[in-house]
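Take a look at the structure below.
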Protein chains: 4
Amino acid sequence: MSTHPIVEYTSSASWAMIEDKFSPYAKETLAKLIKFLEEEVRPAEKLAHLQIPEDPAQRWKTLKEKAKKLGLWNLFLSKAHYPEFGVPLSNLEYAVMAEVLGYSGFIASESVNCSAPDTGNMEIRSAFAMTEKNVASSDATNIRTSIRREGDEIVINGHKWWISGAGDPRCKVHLVMGKSDANNKDKYNQQSVVLVPADAPGVFGYDDAPEGHCEIIYDNVRVPLSNLVLGWGRGFEIIQGRLGPGRIHHCMRSIGAAQAALDLMLQRVTDPRPKDLWKIPRLRGTNSDLVHKGTVVADIAKSRAEIEGARLLVLSAALQIDKYKAKGALKEIGIAKFVVPSMALTVIDRAIQSFGAEGVCQDTSLAQRWAGLRTLRIADGPDAVHIQQVGQRELKRVPYLTEKTREIQKKENAILEKAGLKTRL
Amino acid sequence: MSTHPIVEYTSSASWAMIEDKFSPYAKETLAKLIKFLEEEVRPAEKLAHLQIPEDPAQRWKTLKEKAKKLGLWNLFLSKAHYPEFGVPLSNLEYAVMAEVLGYSGFIASESVNCSAPDTGNMEIRSAFAMTEKNVASSDATNIRTSIRREGDEIVINGHKWWISGAGDPRCKVHLVMGKSDANNKDKYNQQSVVLVPADAPGVFGYDDAPEGHCEIIYDNVRVPLSNLVLGWGRGFEIIQGRLGPGRIHHCMRSIGAAQAALDLMLQRVTDPRPKDLWKIPRLRGTNSDLVHKGTVVADIAKSRAEIEGARLLVLSAALQIDKYKAKGALKEIGIAKFVVPSMALTVIDRAIQSFGAEGVCQDTSLAQRWAGLRTLRIADGPDAVHIQQVGQRELKRVPYLTEKTREIQKKENAILEKAGLKTRL
Amino acid sequence: MSTHPIVEYTSSASWAMIEDKFSPYAKETLAKLIKFLEEEVRPAEKLAHLQIPEDPAQRWKTLKEKAKKLGLWNLFLSKAHYPEFGVPLSNLEYAVMAEVLGYSGFIASESVNCSAPDTGNMEIRSAFAMTEKNVASSDATNIRTSIRREGDEIVINGHKWWISGAGDPRCKVHLVMGKSDANNKDKYNQQSVVLVPADAPGVFGYDDAPEGHCEIIYDNVRVPLSNLVLGWGRGFEIIQGRLGPGRIHHCMRSIGAAQAALDLMLQRVTDPRPKDLWKIPRLRGTNSDLVHKGTVVADIAKSRAEIEGARLLVLSAALQIDKYKAKGALKEIGIAKFVVPSMALTVIDRAIQSFGAEGVCQDTSLAQRWAGLRTLRIADGPDAVHIQQVGQRELKRVPYLTEKTREIQKKENAILEKAGLKTRL
Amino acid sequence: MSTHPIVEYTSSASWAMIEDKFSPYAKETLAKLIKFLEEEVRPAEKLAHLQIPEDPAQRWKTLKEKAKKLGLWNLFLSKAHYPEFGVPLSNLEYAVMAEVLGYSGFIASESVNCSAPDTGNMEIRSAFAMTEKNVASSDATNIRTSIRREGDEIVINGHKWWISGAGDPRCKVHLVMGKSDANNKDKYNQQSVVLVPADAPGVFGYDDAPEGHCEIIYDNVRVPLSNLVLGWGRGFEIIQGRLGPGRIHHCMRSIGAAQAALDLMLQRVTDPRPKDLWKIPRLRGTNSDLVHKGTVVADIAKSRAEIEGARLLVLSAALQIDKYKAKGALKEIGIAKFVVPSMALTVIDRAIQSFGAEGVCQDTSLAQRWAGLRTLRIADGPDAVHIQQVGQRELKRVPYLTEKTREIQKKENAILEKAGLKTRL
């Protein structure tokens, strides 16, 4: 079998499906990333937890320097999206790395500068202010924050929330999305994105210390005209480029989280020390291996199957983006987006249950992972929206199907008539 | 239809099943309780939240005085369990009150002195120390904490966790369960319960401020012999009396929580203000009432049905306890215990999803309710244990069924033979 | 515990909820029915199967005579619906009998003349022709069959299908529902019901031998004016009276079927003979009781819990009908209608799986019961319709909830203001 | 996008994952197969149904001659398994063809001589007699049929059932598996396979006309010694070679069936004629596109997602067989075996529901497909067995995980100690 270390994470079967689509550079980088995570990052996780109150810039310093030296830096900035300066990785190749990062847990992505939503440099951080309170803002055409030009300035008014990264003391700039031309007939040209310094007068934020998402009011914030990003009315275009692959990354990290939960469960249910936990009642006093009682083995098998199926779905969506851009992969992205977080929550929930009281406290990573993933069923569009969109796209196959059915029925009638069997109904 | 205000909580159909089993006193008390909760407690909830850092004894003072004056006090101490001093309520009658308390949210039970696990007086509080780390302690026969007599003293050593109430500054006494006679042939006579002052030397606790559950080490704690509760070896008996009805109360509060979540969801999905949240995509530009798109109405219908079915299950278990004591209701209690928390989590999860980002933050009670209920799938025995026990009890019907089948087959054979139709197989 | 034989069928807990609502006559009749089914009907079932090709009137002759002698006849014709001649049973009381009939299997209902849809006499049979092809005819306002008066005659034209009982050679009369006044402003007064002799010229039927449901074309069928039932435009009223309780009977029979499947499963998985069937693989060679491996015990426990919850739902709906007529129990009937058949299918499916290959052939009643129940998710309205209707009814609670919320918030604001804590948001 | 016609069946995303693993021959054959099925086979299906009572050899004659001429013959006999004479197709390549055959319905496989279990020639047919009544015979080591040598003859005694193909009048030979050396220490060498002429004296069969599976008693059947297949004790080896890829073929045909059901559902719910069927009730009289109400669109989206995920699972299992033989793909085969039939049943069940009464009768292929697939949850090993086996294999990862955890904890301790933070617990 293949000896690439990735098979311990993504299974031999998934790897076989995609190995021939990986460049030698991607294979080597993936191996280096796994080594770095196992030898440097995962052993440093507990320390990082205990350092939460400290300055984030200091906490990751050593890990980040090592990562940079190894070339494990900004891997998400792939050539596929940033041809002029990106890392030579396809969406598919980075997707597998995202799974490994998701497996490793909460400090891994930051260690290699791949935390959403930043573009990844060590000095300053940015925040992307899109979501609005009481607005279905996962559909960016609904956004209400107003962006208007006054002479040489741009004036911004709006109420955003769930702004990741805005609470980081290094966050110096917000990319604020708003409506600059609400009457434009093309609703995809009504939005613009403006750079707003985090300390601009009129920016009122509530941070959600230490690692939360902020609620921010922009109250007549003024910035120079040059802070407009790309051009008037190009806000939608900016958001689209980010969200497609971003959703795939979220999904792959979720799969890594699910796999990590399953691996914890496997170790727990076979751990001889707290075996009494599994003392499931028996009718006629047997004394066999307790893990095999009840639904434990079945839960493990189902978790494995669900992870495998979900991973292949996301990988095929990533490949679809590589082949046809995000626009040509909307159905596959939508499927991944509504299938994967629910799947991961189910797997983690089973793992929590296998740990008993230990599973609902901070002694394992399970409760934290669960809570993080729960928001993914809402972030970047609630499940219902993606489910409806996938269903609508599927309904577009109807004219093709109807035509094909008509052709077949025509031939069928001819055959039946020839056989003298045409029915009356 | 009945005009008792309870029908707005438990549905007219459930109430019809049990109304004739309610005494006039119970009906009147229930109506008073509902009025008190709606007029006094629920409006005070937000204030109580903001007062969390303050002295708990002060926070509830006014509500508790009112409750006491109204006779809404210690309602859970029913005659069924404490014939000499209990409130004249059956398990079934109190179960309905527990649902209403669960509906009202986190300060309701405390307001009427019905918080688990206390016996309810305003001056001091107790904690019941049963669960142990790394031990399947929901089956009390597994408990490892040692309780031994040394002369006139009792010496206690053990490591407990998830001890509700022990962090309250008013908590003056722990009821500690441990093994006093590990070699006793009857494994239900090996345990005893001892009263331990919270400030006894050797008690080391980690509190989980402000409202957590404690982890406590008893390190050679010594108490006088007179602190033994009921008598040596009667620990199991004490625990049994508490857990049966206690599980029913937990379940009914959970049903109240589910109903409250559904009621929030109903209001949210029909709220005209954030209606864009429900802007589910459309194939051919319609403009109809958005709540009726997607699975919203179906989710509401299923939630309603699941709440109704679960409530009737718990009520029938409560009635079974009233008729045959907890021992004669073990199957019904077990069913309620594994069905209800999962059901309530499902209903709350749907409500969370209907609120979008608002559902996963502290702006509604949903996230808090969800987290509280999640631990109920583990507390008082994880689901797997109850599922296995119910299954085992069901298997006890086999001898009866086999005998009945044999009788029927005998008659069947006679009939077939008479008709000359006896088959060879 | 209660010694009424019903507790072996409906569980002691369900019986405790309703026992005091049973008249002495109902209790005695129920006990007689159980005895008759166990001693006479179930042993005769296999013979009845082998006699399928024979004349149905002959096959049940002996059983029916016995049943009539015992007063077990037309039990479904309850006083609740037919005050002038009905059997003195409430809907709730008959519901329990329907469960026992459903448990007993396919010849039981007919034996006591309680087969849908007939009114129960031994000489002739009727069929109720309502469902139409390509029409959502479970909502009777959609029906397209035309009924028009021409002088002293009524002329009927339409295409019905799934007409139960029409294939029985004793079926002498069809009750045909159609539109007699399509322009009536009140869409519930547009329909009438007409008696059509089964051999009227113009009735073309395809039977679905030997026990199927018929597809029938009425092609200018003419009957005398006196064949109109109740009066012009009263079709809806007739249908309504039948369907409410009829749905409850269907549901209770389904619960009986589910219980019968569980009882077969219990016997199968403990049967020592084919134990190899349960030879589930083991990691480290144990040799314990094989039924306890895998998910068998959990499947049993879940089935038990689902049956209990579903039964209580249907019983509470039956009681609701007794108290407030079908019109006052629409939500409860709707819930029962979409919950119960799915539940029963799930339980039977698990039982099938426990039997292996034997479960999908005719050696047990499971496959036949499954197929019969599957149509119940469509008959009398597909699940989707009932789910939507229950959801809509639930949404009607919104104005009440909104008002209540407003009152509580008003008090809450007063309390916060008094405490000097009114928030800005 | 790719213009290969397969993308209309397996989706563009699945095809992108595997296209580069297809040889030019396989691509061309696949395209030819699709054309043949659409133009010749599907239009002939209804006729074939009406001809069921006729001689099967005649019914397929024309189609088979055409298929043979096109080189669409015995495609399942791949080089991978029969290197000396097989068709040059990998398991992966044939798997996709199996899906297309499954989509086309019940006469497709036979048309190209790929019906299980035959080796595919037009003149005679065989049956593989493995399954035994009351024996967990999906694990071939449990088989009880006895095969013993007496001089120059082999004597066979046993009771088999569910023998596919044995009822075909062309079936001339049974391959009977039995125990020839029950005391052999290696339980995988105890079995042999013997050729038995279908008309040998002592073979008593009950056919399950017209297309059923037979129950057969072998009562002292004698055949010459030369009828032994491969050699004594090689029965297990024979069975293993067949079952791995055979399970993949079953799964891919199931996926085709699910896709066909979804395509029927898509056409049904958008068919303007019976639109009343979807007249789901509305709260405030809207008149929008009815398919978008209720859960229809969500059901479509979920079906699509489930088909996609399941297909990728099976394709990756097929690829795993190509790379590492069936033995190296047991986990992947097991996952496919327990995931796919359940998934397909769910999708078909939704489609049935969308058709209303039409879905449970013979007017569409849905009911027949459902019934066929239901047996697949039992055939070749019931779900429970595969679930347990996959779970066990997953548990084998524990030693690796434990070792890895230990290494990480060692490093973690060193890091914490260096930071002066080693905790006490």
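Here's how to read the names in the structure tokens: chain A, B, ... by the order shown, residue numbers from 1 in each chain, ligand numbers from 1 in the order shown.
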Find the spatial neighbours of Asp186 (chain D), counting only C-alpha atoms, within a cut-off of 12 Å - ignore same-chain residues fewer than 6 positions away - and output them as a CSV table (one decimal) with C-alpha atoms, in the first residue's frame.
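Saved to out_28.csv:
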chain,number,residue,atom,x,y,z
D,141,THR,CA,-17.8,-21.2,7.5
D,233,GLY,CA,-11.3,-27.7,0.5
D,234,ARG,CA,-11.1,-24.9,-2.0
D,236,PHE,CA,-14.0,-20.7,0.4
(Q) If the cut-off is 7 Å, can you tell me the residues of chain C near chain B, counting only C-alpha atoms? I'd like them as a count of residues only. (A) 36
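For the pair CA of Ser109 (chain A) and CA of Ile348 (chain A), the interatomic distance is 19.9 Å.
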Q | Of the listed residues D:Pro224, D:Gly105, D:Gly202, D:Gly420, that which approaches Gly151 (chain D) most closely, counting only C-alpha atoms | A | D:Pro224
**Q.** Straight-line distance linking CA of Ser342 (chain D) with CA of Gly359 (chain C), stated in Å to one decimal
**A.** 16.3 Å
Q: Looking only at alpha helix (DSSP H) from DSSP on the backbone, list the matching residues of region 212-423 of chain A as an MDAnalysis selection string.
A: chainID A and resid 235:270 296:324 330:355 366:376 383:395 398:418
Q.
Give me, as number ranges by chain, all polymer residues having an atom no more than 12 Å from His249 (chain B), counting only C-alpha atoms and skipping those fewer than 2 positions away in the same chain.
A. B: 75-77, 91-102, 109, 114-117, 242-247, 251-256, 311, 314-315, 317-318, 333, 336-337, 340-341, 376
Q.
Neighbouring residues of Trp232 (chain A) were defined as those with any atom within 10 Å, considering only C-alpha atoms; residues of the same chain fewer than 2 positions away were excluded. Please report them as a ChimeraX atom specification.
A. /A:179-181,189-194,228-230,234-235
Q: Pick out the closest residue to Ile34 (chain B) from this set: B:Thr346, B:Gln58, B:Ser111, B:Ser104. Count only C-alpha atoms.
A: B:Ser104
Find the residues near Asn157 (chain B): any atom within 12 Å, counting only C-alpha atoms, skip ones fewer than 4 places away on the same chain, and give them as a PDB file with C-alpha atoms, in the first residue's frame.
ATOM      1  CA  GLU B 132     -16.964   9.562  40.460  1.00  0.00           C
ATOM      2  CA  ILE B 143     -18.826   3.414  43.388  1.00  0.00           C
ATOM      3  CA  ARG B 144     -15.292   3.307  44.793  1.00  0.00           C
ATOM      4  CA  THR B 145     -15.174   6.049  47.426  1.00  0.00           C
ATOM      5  CA  SER B 146     -14.347   4.315  50.686  1.00  0.00           C
ATOM      6  CA  ILE B 147     -16.315   4.870  53.879  1.00  0.00           C
ATOM      7  CA  ARG B 148     -14.984   3.088  56.925  1.00  0.00           C
ATOM      8  CA  ARG B 149     -15.527   3.256  60.643  1.00  0.00           C
ATOM      9  CA  VAL B 176     -21.428  11.468  50.364  1.00  0.00           C
ATOM     10  CA  MET B 177     -22.139   8.008  49.030  1.00  0.00           C
ATOM     11  CA  GLY B 178     -19.411   5.404  49.281  1.00  0.00           C
ATOM     12  CA  LYS B 179     -18.617   1.757  49.905  1.00  0.00           C
ATOM     13  CA  SER B 180     -18.728   0.764  53.550  1.00  0.00           C
ATOM     14  CA  VAL B 194     -22.616   9.986  55.291  1.00  0.00           C
ATOM     15  CA  VAL B 196     -19.930  15.646  55.601  1.00  0.00           C
ATOM     16  CA  GLY B 202      -9.591  17.255  53.850  1.00  0.00           C
ATOM     17  CA  VAL B 203     -12.356  18.370  51.507  1.00  0.00           C
ATOM     18  CA  PHE B 204     -10.721  19.953  48.470  1.00  0.00           C
ATOM     19  CA  ILE B 216     -14.114  17.248  44.977  1.00  0.00           C
ATOM     20  CA  ILE B 217     -11.463  15.110  46.605  1.00  0.00           C
ATOM     21  CA  TYR B 218     -12.217  13.653  50.051  1.00  0.00           C
ATOM     22  CA  ASP B 219      -8.821  12.969  51.578  1.00  0.00           C
ATOM     23  CA  ASN B 220      -9.163  11.155  54.899  1.00  0.00           C
ATOM     24  CA  VAL B 221     -12.135  13.244  55.874  1.00  0.00           C
ATOM     25  CA  ARG B 222     -13.403  12.359  59.337  1.00  0.00           C
ATOM     26  CA  VAL B 223     -16.893  12.863  60.700  1.00  0.00           C
TER      27      VAL B 223
END
Q: Name the residues of region 209-421 of chain A that come out as strand (DSSP E) in a backbone DSSP run; write them as a ChimeraX atom specification.
A: /A:213-224
Let's have the selection written as a tab-separated table (two decimals), in the first residue's frame, with N, CA and C atoms.
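Just written: part.tsv:
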chain	number	residue	atom	x	y	z
A	213	HIS	N	-16.30	36.38	18.29
A	213	HIS	CA	-16.64	37.07	17.06
A	213	HIS	C	-17.32	38.37	17.48
A	214	CYS	N	-17.03	39.47	16.81
A	214	CYS	CA	-17.44	40.77	17.33
A	214	CYS	C	-18.76	41.27	16.73
A	215	GLU	N	-19.43	42.10	17.52
A	215	GLU	CA	-20.58	42.85	17.04
A	215	GLU	C	-20.11	44.29	16.93
A	216	ILE	N	-20.29	44.91	15.77
A	216	ILE	CA	-19.68	46.21	15.49
A	216	ILE	C	-20.70	47.15	14.87
A	217	ILE	N	-20.74	48.36	15.39
A	217	ILE	CA	-21.58	49.38	14.75
A	217	ILE	C	-20.69	50.40	14.04
A	218	TYR	N	-20.96	50.63	12.77
A	218	TYR	CA	-20.26	51.67	12.01
A	218	TYR	C	-21.18	52.88	11.96
A	219	ASP	N	-20.79	53.92	12.65
A	219	ASP	CA	-21.67	55.07	12.82
A	219	ASP	C	-21.05	56.28	12.13
A	220	ASN	N	-21.43	56.52	10.88
A	220	ASN	CA	-20.85	57.62	10.10
A	220	ASN	C	-19.33	57.57	10.05
A	221	VAL	N	-18.83	56.36	9.84
A	221	VAL	CA	-17.38	56.19	9.70
A	221	VAL	C	-16.96	56.78	8.36
A	222	ARG	N	-15.87	57.56	8.34
A	222	ARG	CA	-15.38	58.17	7.10
A	222	ARG	C	-13.97	57.68	6.78
A	223	VAL	N	-13.78	57.27	5.54
A	223	VAL	CA	-12.44	56.87	5.08
A	223	VAL	C	-12.19	57.53	3.73
A	224	PRO	N	-10.90	57.68	3.37
A	224	PRO	CA	-10.62	58.31	2.06
A	224	PRO	C	-11.10	57.43	0.91
Q. Rounded to one decimal in Å, what is the spacing between CA of Ser226 (chain C) and CA of Lys172 (chain C)?
A. 16.8 Å
